[in-house]
>>> print(open('upload.pdb').read())   # PDB, C-alpha atoms and all ligand atoms
ATOM      1  CA  MET A 499      13.394  -6.173  -9.876  1.00  0.00           C
ATOM      2  CA  LEU A 500      14.007  -2.603 -10.922  1.00  0.00           C
ATOM      3  CA  HIS A 501      15.667  -0.650  -8.134  1.00  0.00           C
ATOM      4  CA  GLN A 502      14.165   2.775  -7.843  1.00  0.00           C
ATOM      5  CA  PHE A 503      14.634   5.870  -5.756  1.00  0.00           C
ATOM      6  CA  TYR A 504      11.555   6.856  -3.813  1.00  0.00           C
ATOM      7  CA  PRO A 505      10.353  10.008  -2.088  1.00  0.00           C
ATOM      8  CA  GLN A 506      11.924  10.215   1.348  1.00  0.00           C
ATOM      9  CA  VAL A 507      10.003  10.668   4.575  1.00  0.00           C
ATOM     10  CA  GLN A 508      11.622  12.777   7.305  1.00  0.00           C
ATOM     11  CA  HIS A 509      11.885  11.186  10.756  1.00  0.00           C
ATOM     12  CA  GLU A 510      14.219  10.842  13.720  1.00  0.00           C
ATOM     13  CA  TYR A 511      14.099   7.084  14.235  1.00  0.00           C
ATOM     14  CA  ARG A 512      17.411   5.190  14.401  1.00  0.00           C
ATOM     15  CA  TYR A 513      16.440   2.571  11.837  1.00  0.00           C
ATOM     16  CA  GLU A 514      14.611   2.774   8.527  1.00  0.00           C
ATOM     17  CA  LEU A 515      13.821  -0.270   6.425  1.00  0.00           C
ATOM     18  CA  ASN A 516      12.327  -0.349   2.925  1.00  0.00           C
ATOM     19  CA  LYS A 517      10.631  -3.270   1.252  1.00  0.00           C
ATOM     20  CA  ASP A 518       9.823  -3.394  -2.452  1.00  0.00           C
ATOM     21  CA  MET A 519       7.399  -5.832  -3.986  1.00  0.00           C
ATOM     22  CA  HIS A 520       5.460  -6.453  -7.169  1.00  0.00           C
ATOM     23  CA  LEU A 521       1.812  -7.383  -7.206  1.00  0.00           C
ATOM     24  CA  ALA A 522      -0.259  -8.568 -10.158  1.00  0.00           C
ATOM     25  CA  ALA A 523      -3.910  -7.718  -9.587  1.00  0.00           C
ATOM     26  CA  ALA A 524      -7.064  -6.730 -11.402  1.00  0.00           C
ATOM     27  CA  HIS A 525      -9.526  -4.015 -10.444  1.00  0.00           C
ATOM     28  CA  PHE A 526     -12.216  -1.703 -11.702  1.00  0.00           C
ATOM     29  CA  ILE A 527     -13.466   1.631 -10.419  1.00  0.00           C
ATOM     30  CA  PRO A 528     -17.281   1.530 -10.148  1.00  0.00           C
ATOM     31  CA  ALA A 529     -17.846   5.203 -10.928  1.00  0.00           C
ATOM     32  CA  SER A 530     -18.732   6.482 -14.382  1.00  0.00           C
ATOM     33  CA  ALA A 531     -16.291   9.397 -14.017  1.00  0.00           C
ATOM     34  CA  ALA A 532     -13.472   6.848 -14.002  1.00  0.00           C
ATOM     35  CA  GLY A 533     -13.971   6.339 -17.760  1.00  0.00           C
ATOM     36  CA  LYS A 534     -12.145   3.299 -19.130  1.00  0.00           C
ATOM     37  CA  CYS A 535     -11.191   2.317 -15.574  1.00  0.00           C
ATOM     38  CA  THR A 536     -14.807   1.258 -14.956  1.00  0.00           C
ATOM     39  CA  ASN A 537     -13.913  -1.841 -16.994  1.00  0.00           C
ATOM     40  CA  ILE A 538     -12.074  -4.638 -15.264  1.00  0.00           C
ATOM     41  CA  HIS A 539      -8.350  -4.489 -16.101  1.00  0.00           C
ATOM     42  CA  GLY A 540      -5.043  -5.459 -14.555  1.00  0.00           C
ATOM     43  CA  HIS A 541      -1.834  -3.863 -13.329  1.00  0.00           C
ATOM     44  CA  THR A 542       1.522  -4.972 -12.078  1.00  0.00           C
ATOM     45  CA  TYR A 543       1.552  -2.788  -9.004  1.00  0.00           C
ATOM     46  CA  VAL A 544       4.948  -1.769  -7.646  1.00  0.00           C
ATOM     47  CA  ILE A 545       4.830  -1.237  -3.903  1.00  0.00           C
ATOM     48  CA  ASN A 546       7.381   0.227  -1.531  1.00  0.00           C
ATOM     49  CA  LEU A 547       6.931   0.172   2.251  1.00  0.00           C
ATOM     50  CA  THR A 548       8.963   2.380   4.597  1.00  0.00           C
ATOM     51  CA  ILE A 549       9.168   1.105   8.188  1.00  0.00           C
ATOM     52  CA  ALA A 550      11.024   2.894  10.981  1.00  0.00           C
ATOM     53  CA  GLY A 551      11.742   2.405  14.658  1.00  0.00           C
ATOM     54  CA  ASP A 552      14.284   2.837  17.430  1.00  0.00           C
ATOM     55  CA  GLU A 553      14.596  -0.765  18.636  1.00  0.00           C
ATOM     56  CA  LEU A 554      15.310  -4.133  17.015  1.00  0.00           C
ATOM     57  CA  ASN A 555      13.563  -7.353  18.000  1.00  0.00           C
ATOM     58  CA  ASP A 556      15.136 -10.525  19.444  1.00  0.00           C
ATOM     59  CA  THR A 557      16.206 -11.582  15.926  1.00  0.00           C
ATOM     60  CA  GLY A 558      17.977  -8.281  15.276  1.00  0.00           C
ATOM     61  CA  PHE A 559      15.238  -7.224  12.847  1.00  0.00           C
ATOM     62  CA  LEU A 560      13.251  -4.012  12.847  1.00  0.00           C
ATOM     63  CA  ILE A 561      10.662  -6.222  11.168  1.00  0.00           C
ATOM     64  CA  ASP A 562      11.115  -9.329   9.018  1.00  0.00           C
ATOM     65  CA  PHE A 563      11.074  -8.391   5.308  1.00  0.00           C
ATOM     66  CA  LYS A 564       9.246 -11.661   4.672  1.00  0.00           C
ATOM     67  CA  LEU A 565       6.407 -10.754   7.031  1.00  0.00           C
ATOM     68  CA  LEU A 566       5.858  -7.514   5.109  1.00  0.00           C
ATOM     69  CA  LYS A 567       5.679  -9.401   1.832  1.00  0.00           C
ATOM     70  CA  ASP A 568       3.233 -11.883   3.344  1.00  0.00           C
ATOM     71  CA  ILE A 569       0.901  -9.126   4.595  1.00  0.00           C
ATOM     72  CA  VAL A 570       0.561  -7.540   1.161  1.00  0.00           C
ATOM     73  CA  HIS A 571       1.707  -9.859  -1.623  1.00  0.00           C
ATOM     74  CA  LYS A 572       0.309 -13.096  -0.224  1.00  0.00           C
ATOM     75  CA  ARG A 573      -3.053 -11.436   0.311  1.00  0.00           C
ATOM     76  CA  PHE A 574      -3.540  -9.570  -2.964  1.00  0.00           C
ATOM     77  CA  ASP A 575      -1.306 -11.144  -5.643  1.00  0.00           C
ATOM     78  CA  HIS A 576      -3.277 -12.533  -8.621  1.00  0.00           C
ATOM     79  CA  SER A 577      -6.584 -11.377  -7.199  1.00  0.00           C
ATOM     80  CA  LEU A 578      -9.437  -9.064  -8.112  1.00  0.00           C
ATOM     81  CA  LEU A 579      -9.110  -6.239  -5.591  1.00  0.00           C
ATOM     82  CA  ASN A 580     -12.844  -5.472  -5.733  1.00  0.00           C
ATOM     83  CA  ASP A 581     -13.508  -8.904  -4.180  1.00  0.00           C
ATOM     84  CA  TYR A 582     -12.019  -7.796  -0.846  1.00  0.00           C
ATOM     85  CA  HIS A 583     -14.304  -6.225   1.728  1.00  0.00           C
ATOM     86  CA  GLU A 584     -11.824  -3.354   2.136  1.00  0.00           C
ATOM     87  CA  PHE A 585     -12.605  -2.322  -1.441  1.00  0.00           C
ATOM     88  CA  GLY A 586     -16.293  -3.194  -1.431  1.00  0.00           C
ATOM     89  CA  GLU A 587     -19.040  -0.944  -2.769  1.00  0.00           C
ATOM     90  CA  SER A 588     -21.256  -1.803   0.201  1.00  0.00           C
ATOM     91  CA  GLN A 589     -19.180   0.279   2.592  1.00  0.00           C
ATOM     92  CA  THR A 590     -20.840   3.411   4.024  1.00  0.00           C
ATOM     93  CA  ASN A 591     -18.821   5.927   2.023  1.00  0.00           C
ATOM     94  CA  SER A 592     -18.188   3.705  -0.961  1.00  0.00           C
ATOM     95  CA  ALA A 593     -16.033   6.091  -3.005  1.00  0.00           C
ATOM     96  CA  ASP A 594     -13.599   5.991  -0.127  1.00  0.00           C
ATOM     97  CA  THR A 595     -13.210   2.244  -0.637  1.00  0.00           C
ATOM     98  CA  PHE A 596     -13.026   1.992  -4.433  1.00  0.00           C
ATOM     99  CA  PRO A 597      -9.683   0.361  -5.278  1.00  0.00           C
ATOM    100  CA  THR A 598      -8.065   3.518  -6.607  1.00  0.00           C
ATOM    101  CA  THR A 599      -4.324   3.866  -6.197  1.00  0.00           C
ATOM    102  CA  GLU A 600      -4.937   6.178  -3.230  1.00  0.00           C
ATOM    103  CA  VAL A 601      -7.244   3.724  -1.446  1.00  0.00           C
ATOM    104  CA  VAL A 602      -4.970   0.767  -2.207  1.00  0.00           C
ATOM    105  CA  ALA A 603      -2.053   2.667  -0.641  1.00  0.00           C
ATOM    106  CA  ARG A 604      -4.081   3.612   2.458  1.00  0.00           C
ATOM    107  CA  THR A 605      -5.428   0.078   2.866  1.00  0.00           C
ATOM    108  CA  ILE A 606      -1.960  -1.421   2.631  1.00  0.00           C
ATOM    109  CA  TRP A 607      -0.816   1.017   5.330  1.00  0.00           C
ATOM    110  CA  GLN A 608      -3.695  -0.081   7.595  1.00  0.00           C
ATOM    111  CA  LEU A 609      -2.941  -3.789   7.102  1.00  0.00           C
ATOM    112  CA  VAL A 610       0.783  -3.359   7.678  1.00  0.00           C
ATOM    113  CA  GLN A 611       0.449  -1.082  10.708  1.00  0.00           C
ATOM    114  CA  ARG A 612      -2.060  -3.464  12.299  1.00  0.00           C
ATOM    115  CA  GLU A 613       0.624  -6.180  12.251  1.00  0.00           C
ATOM    116  CA  LEU A 614       3.375  -3.832  13.417  1.00  0.00           C
ATOM    117  CA  ASP A 615       1.228  -2.861  16.418  1.00  0.00           C
ATOM    118  CA  GLN A 616       1.655  -6.459  17.667  1.00  0.00           C
ATOM    119  CA  CYS A 617       5.457  -6.130  17.830  1.00  0.00           C
ATOM    120  CA  ASP A 618       7.168  -5.390  21.149  1.00  0.00           C
ATOM    121  CA  ASN A 619       9.786  -3.172  19.458  1.00  0.00           C
ATOM    122  CA  LYS A 620       7.000  -0.963  18.057  1.00  0.00           C
ATOM    123  CA  PRO A 621       8.048  -0.336  14.445  1.00  0.00           C
ATOM    124  CA  CYS A 622       5.836   2.002  12.454  1.00  0.00           C
ATOM    125  CA  CYS A 623       4.989   2.290   8.791  1.00  0.00           C
ATOM    126  CA  LEU A 624       5.775   5.853   7.728  1.00  0.00           C
ATOM    127  CA  GLN A 625       5.108   5.627   4.007  1.00  0.00           C
ATOM    128  CA  VAL A 626       3.453   3.411   1.414  1.00  0.00           C
ATOM    129  CA  LEU A 627       4.153   4.030  -2.258  1.00  0.00           C
ATOM    130  CA  VAL A 628       1.938   2.345  -4.831  1.00  0.00           C
ATOM    131  CA  ARG A 629       2.823   2.613  -8.500  1.00  0.00           C
ATOM    132  CA  GLU A 630      -0.074   1.571 -10.699  1.00  0.00           C
ATOM    133  CA  THR A 631       1.420   2.301 -14.120  1.00  0.00           C
ATOM    134  CA  PRO A 632       4.842   3.435 -15.352  1.00  0.00           C
ATOM    135  CA  THR A 633       3.588   7.029 -15.191  1.00  0.00           C
ATOM    136  CA  SER A 634       1.275   7.060 -12.155  1.00  0.00           C
ATOM    137  CA  TYR A 635       1.921   6.499  -8.477  1.00  0.00           C
ATOM    138  CA  VAL A 636       0.600   7.549  -5.069  1.00  0.00           C
ATOM    139  CA  VAL A 637       2.422   8.055  -1.773  1.00  0.00           C
ATOM    140  CA  TYR A 638       0.417   7.562   1.440  1.00  0.00           C
ATOM    141  CA  ARG A 639       1.834   9.002   4.654  1.00  0.00           C
ATOM    142  CA  PRO A 640      -0.120   8.564   7.886  1.00  0.00           C
ATOM    143  CA  LYS A 641      -0.684  11.409  10.296  1.00  0.00           C
ATOM    144  CA  LYS A 642       0.318  11.064  13.962  1.00  0.00           C
ATOM    145  CA  GLY A 643      -3.293  10.438  14.997  1.00  0.00           C
ATOM    146  CA  ASP A 644      -3.559   7.448  12.668  1.00  0.00           C
ATOM    147  CA  PHE A 645      -1.288   5.403  14.956  1.00  0.00           C
ATOM    148  CA  SER A 646      -3.025   3.583  17.791  1.00  0.00           C
ATOM    149  CA  SER A 647      -0.321   4.309  20.385  1.00  0.00           C
TER     150      SER A 647
HETATM  151  N1  LIG A 701      -6.106   9.887  -8.803  1.00  0.00           N
HETATM  152  C1  LIG A 701      -6.277   8.764  -9.558  1.00  0.00           C
HETATM  153  N2  LIG A 701      -6.483   8.908 -10.870  1.00  0.00           N
HETATM  154  C2  LIG A 701      -6.620   7.801 -11.644  1.00  0.00           C
HETATM  155  C3  LIG A 701      -6.546   6.520 -11.063  1.00  0.00           C
HETATM  156  C4  LIG A 701      -6.356   6.413  -9.659  1.00  0.00           C
HETATM  157  O1  LIG A 701      -6.309   5.318  -9.083  1.00  0.00           O
HETATM  158  N3  LIG A 701      -6.220   7.560  -8.946  1.00  0.00           N
HETATM  159  N4  LIG A 701      -6.645   5.418 -11.868  1.00  0.00           N
HETATM  160  C5  LIG A 701      -6.760   5.515 -13.166  1.00  0.00           C
HETATM  161  C6  LIG A 701      -6.770   4.267 -14.001  1.00  0.00           C
HETATM  162  O2  LIG A 701      -7.215   3.177 -13.195  1.00  0.00           O
HETATM  163  C7  LIG A 701      -5.463   3.835 -14.711  1.00  0.00           C
HETATM  164  O3  LIG A 701      -5.091   2.541 -14.230  1.00  0.00           O
HETATM  165  C8  LIG A 701      -4.261   4.660 -14.564  1.00  0.00           C
HETATM  166  O4  LIG A 701      -4.437   5.796 -15.360  1.00  0.00           O
HETATM  167  P1  LIG A 701      -3.301   6.505 -16.227  1.00  0.00           P
HETATM  168  O5  LIG A 701      -2.121   6.870 -15.405  1.00  0.00           O
HETATM  169  O6  LIG A 701      -4.000   7.597 -16.934  1.00  0.00           O
HETATM  170  O7  LIG A 701      -2.829   5.341 -17.186  1.00  0.00           O
HETATM  171  P2  LIG A 701      -2.087   5.440 -18.569  1.00  0.00           P
HETATM  172  O8  LIG A 701      -1.207   4.260 -18.639  1.00  0.00           O
HETATM  173  O9  LIG A 701      -3.098   5.569 -19.662  1.00  0.00           O
HETATM  174  O10 LIG A 701      -1.220   6.772 -18.456  1.00  0.00           O
HETATM  175  P3  LIG A 701      -0.379   7.521 -19.606  1.00  0.00           P
HETATM  176  O11 LIG A 701       0.560   8.417 -18.843  1.00  0.00           O
HETATM  177  O12 LIG A 701      -1.377   8.297 -20.415  1.00  0.00           O
HETATM  178  O13 LIG A 701       0.330   6.484 -20.396  1.00  0.00           O
HETATM  179  C9  LIG A 701      -6.927   6.812 -13.840  1.00  0.00           C
HETATM  180  N5  LIG A 701      -6.807   7.921 -12.971  1.00  0.00           N
HETATM  181 ZN    ZN A 702      -6.398   0.553 -13.078  1.00  0.00          ZN
END
>>> encode(input="upload.pdb", output="structure tokens", more="lines below")
Ligand SMILES: Nc1nc2c(c(=O)[nH]1)N=C([C@H](O)[C@H](O)COP(=O)(O)OP(=O)(O)OP(=O)(O)O)CN2
Ligand SMILES: [Zn+2]
Amino acid sequence: MLHQFYPQVQHEYRYELNKDMHLAAAHFIPASAAGKCTNIHGHTYVINLTIAGDELNDTGFLIDFKLLKDIVHKRFDHSLLNDYHEFGESQTNSADTFPTTEVVARTIWQLVQRELDQCDNKPCCLQVLVRETPTSYVVYRPKKGDFSS
């Protein structure tokens, strides 16, 4: 895997962990303004997760790298993103759920943070980077109010 440098997020936690992964998936954007992207096509998404926290768990992990891969890669690899309810057109504000790079990044943050909320050592996901093509990527950073506690 290509090792890359990513935008840094400022924080005061003791530990910061980063997990890279690749994801092969297809999608289409169901809006005529999306031009050629209205047609179904595929990407090898490159994803980087930044997790931070002050305490380690009983295994000495902030969070298991493998768990992070399972949350994202296991769920979406070799899939059509539009098939998932998170990216469905039937949602109330459907443009906000089209599988654009922005929405994919936000959705990954929601899925990851939901799992982290179950951990006693309370790690938090501070940044999700999703690269859709060699020249295009999005960084999603949650605001304080996006965390449940
Ligand atoms: N803000 C966004 N803009 C675009 C998105 C998106 O998700 N968010 N998506 C697309 C397309 O789906 C496409 O996959 C990526 O577009 P683009 O970077 O233009 O792809 P190219 O490989 O053609 O880029 P070049 O730099 O011209 O090689 C479009 N816009
Ligand atoms: Zn695309």
>>> atom_distance(input="upload.pdb", atom1="atom CA of Asp644 of chain A", atom2="atom C7 of ligand LIG 701 (chain A)")
27.7 Å
>>> axis_aligned_box(input="upload.pdb", around="ligand LIG 701 (chain A)", padding_each_side="4 Å", output="AutoDock Vina command-line options")
--center_x -3.3 --center_y 6.2 --center_z -14.6 --size_x 15.8 --size_y 15.3 --size_z 19.6
>>> residues_around(input="upload.pdb", residues="Tyr638 of chain A", least_positions_apart="3", cutoff="9 Å", atoms="all atoms listed in the file", output="CSV table (one decimal) with C-alpha atoms, in the frame of the given file")
chain,number,residue,atom,x,y,z
A,600,GLU,CA,-4.9,6.2,-3.2
A,603,ALA,CA,-2.1,2.7,-0.6
A,604,ARG,CA,-4.1,3.6,2.5
A,607,TRP,CA,-0.8,1.0,5.3
A,624,LEU,CA,5.8,5.9,7.7
A,625,GLN,CA,5.1,5.6,4.0
A,626,VAL,CA,3.5,3.4,1.4
A,627,LEU,CA,4.2,4.0,-2.3
A,628,VAL,CA,1.9,2.3,-4.8
>>> closest_residue(input="upload.pdb", among="A:Thr536, A:Thr542, A:Gln508, A:Gln616", to="Arg639 of chain A", atoms="all atoms listed in the file")
A:Gln508
>>> resolve_selection(input="upload.pdb", expression="the PyMOL selection byres (((chain A and resi 597) around 7) and not hetatm)", output="PyMOL selection string")
chain A and resi 525+527+579-580+585+595-596+598-599+601-602
>>> atom_distance(input="upload.pdb", atom1="atom C6 of ligand LIG 701 (chain A)", atom2="atom CA of Cys535 of chain A")
5.1 Å
>>> residues_near_ligand(input="upload.pdb", ligand="ligand ZN 702 (chain A)", cutoff="7 Å", atoms="only C-alpha atoms and all ligand atoms", output="list in words")
His525, Phe526, Cys535, His539, Gly540, His541 and Glu630 of chain A
>>> atom_distance(input="upload.pdb", atom1="atom CA of Cys623 of chain A", atom2="atom CA of Gln506 of chain A")
12.9 Å
>>> closest_residue(input="upload.pdb", among="A:His571, A:Lys641, A:His576, A:Lys534", to="ligand LIG 701 (chain A)", atoms="only C-alpha atoms and all ligand atoms")
A:Lys534
>>> closest_residue(input="upload.pdb", among="A:Ala531, A:Ile606, A:Leu578, A:Ile569", to="ligand LIG 701 (chain A)", atoms="all atoms listed in the file")
A:Ala531
>>> closest_residue(input="upload.pdb", among="A:Glu510, A:Asp518, A:Asp575, A:Asp581", to="Asn546 of chain A", atoms="all atoms listed in the file")
A:Asp518
>>> resolve_selection(input="upload.pdb", expression="the PyMOL selection byres (((chain A and resi 556-561) around 9) and not hetatm)", output="number ranges by chain")
A: 513-515, 549-555, 562-566, 614, 617, 619-621
>>> closest_residue(input="upload.pdb", among="A:Lys572, A:His583, A:His520, A:Arg629", to="ligand LIG 701 (chain A)", atoms="only C-alpha atoms and all ligand atoms")
A:Arg629
>>> closest_residue(input="upload.pdb", among="A:Asp615, A:Asp568, A:Asp594, A:Glu584", to="ligand LIG 701 (chain A)", atoms="all atoms listed in the file")
A:Asp594
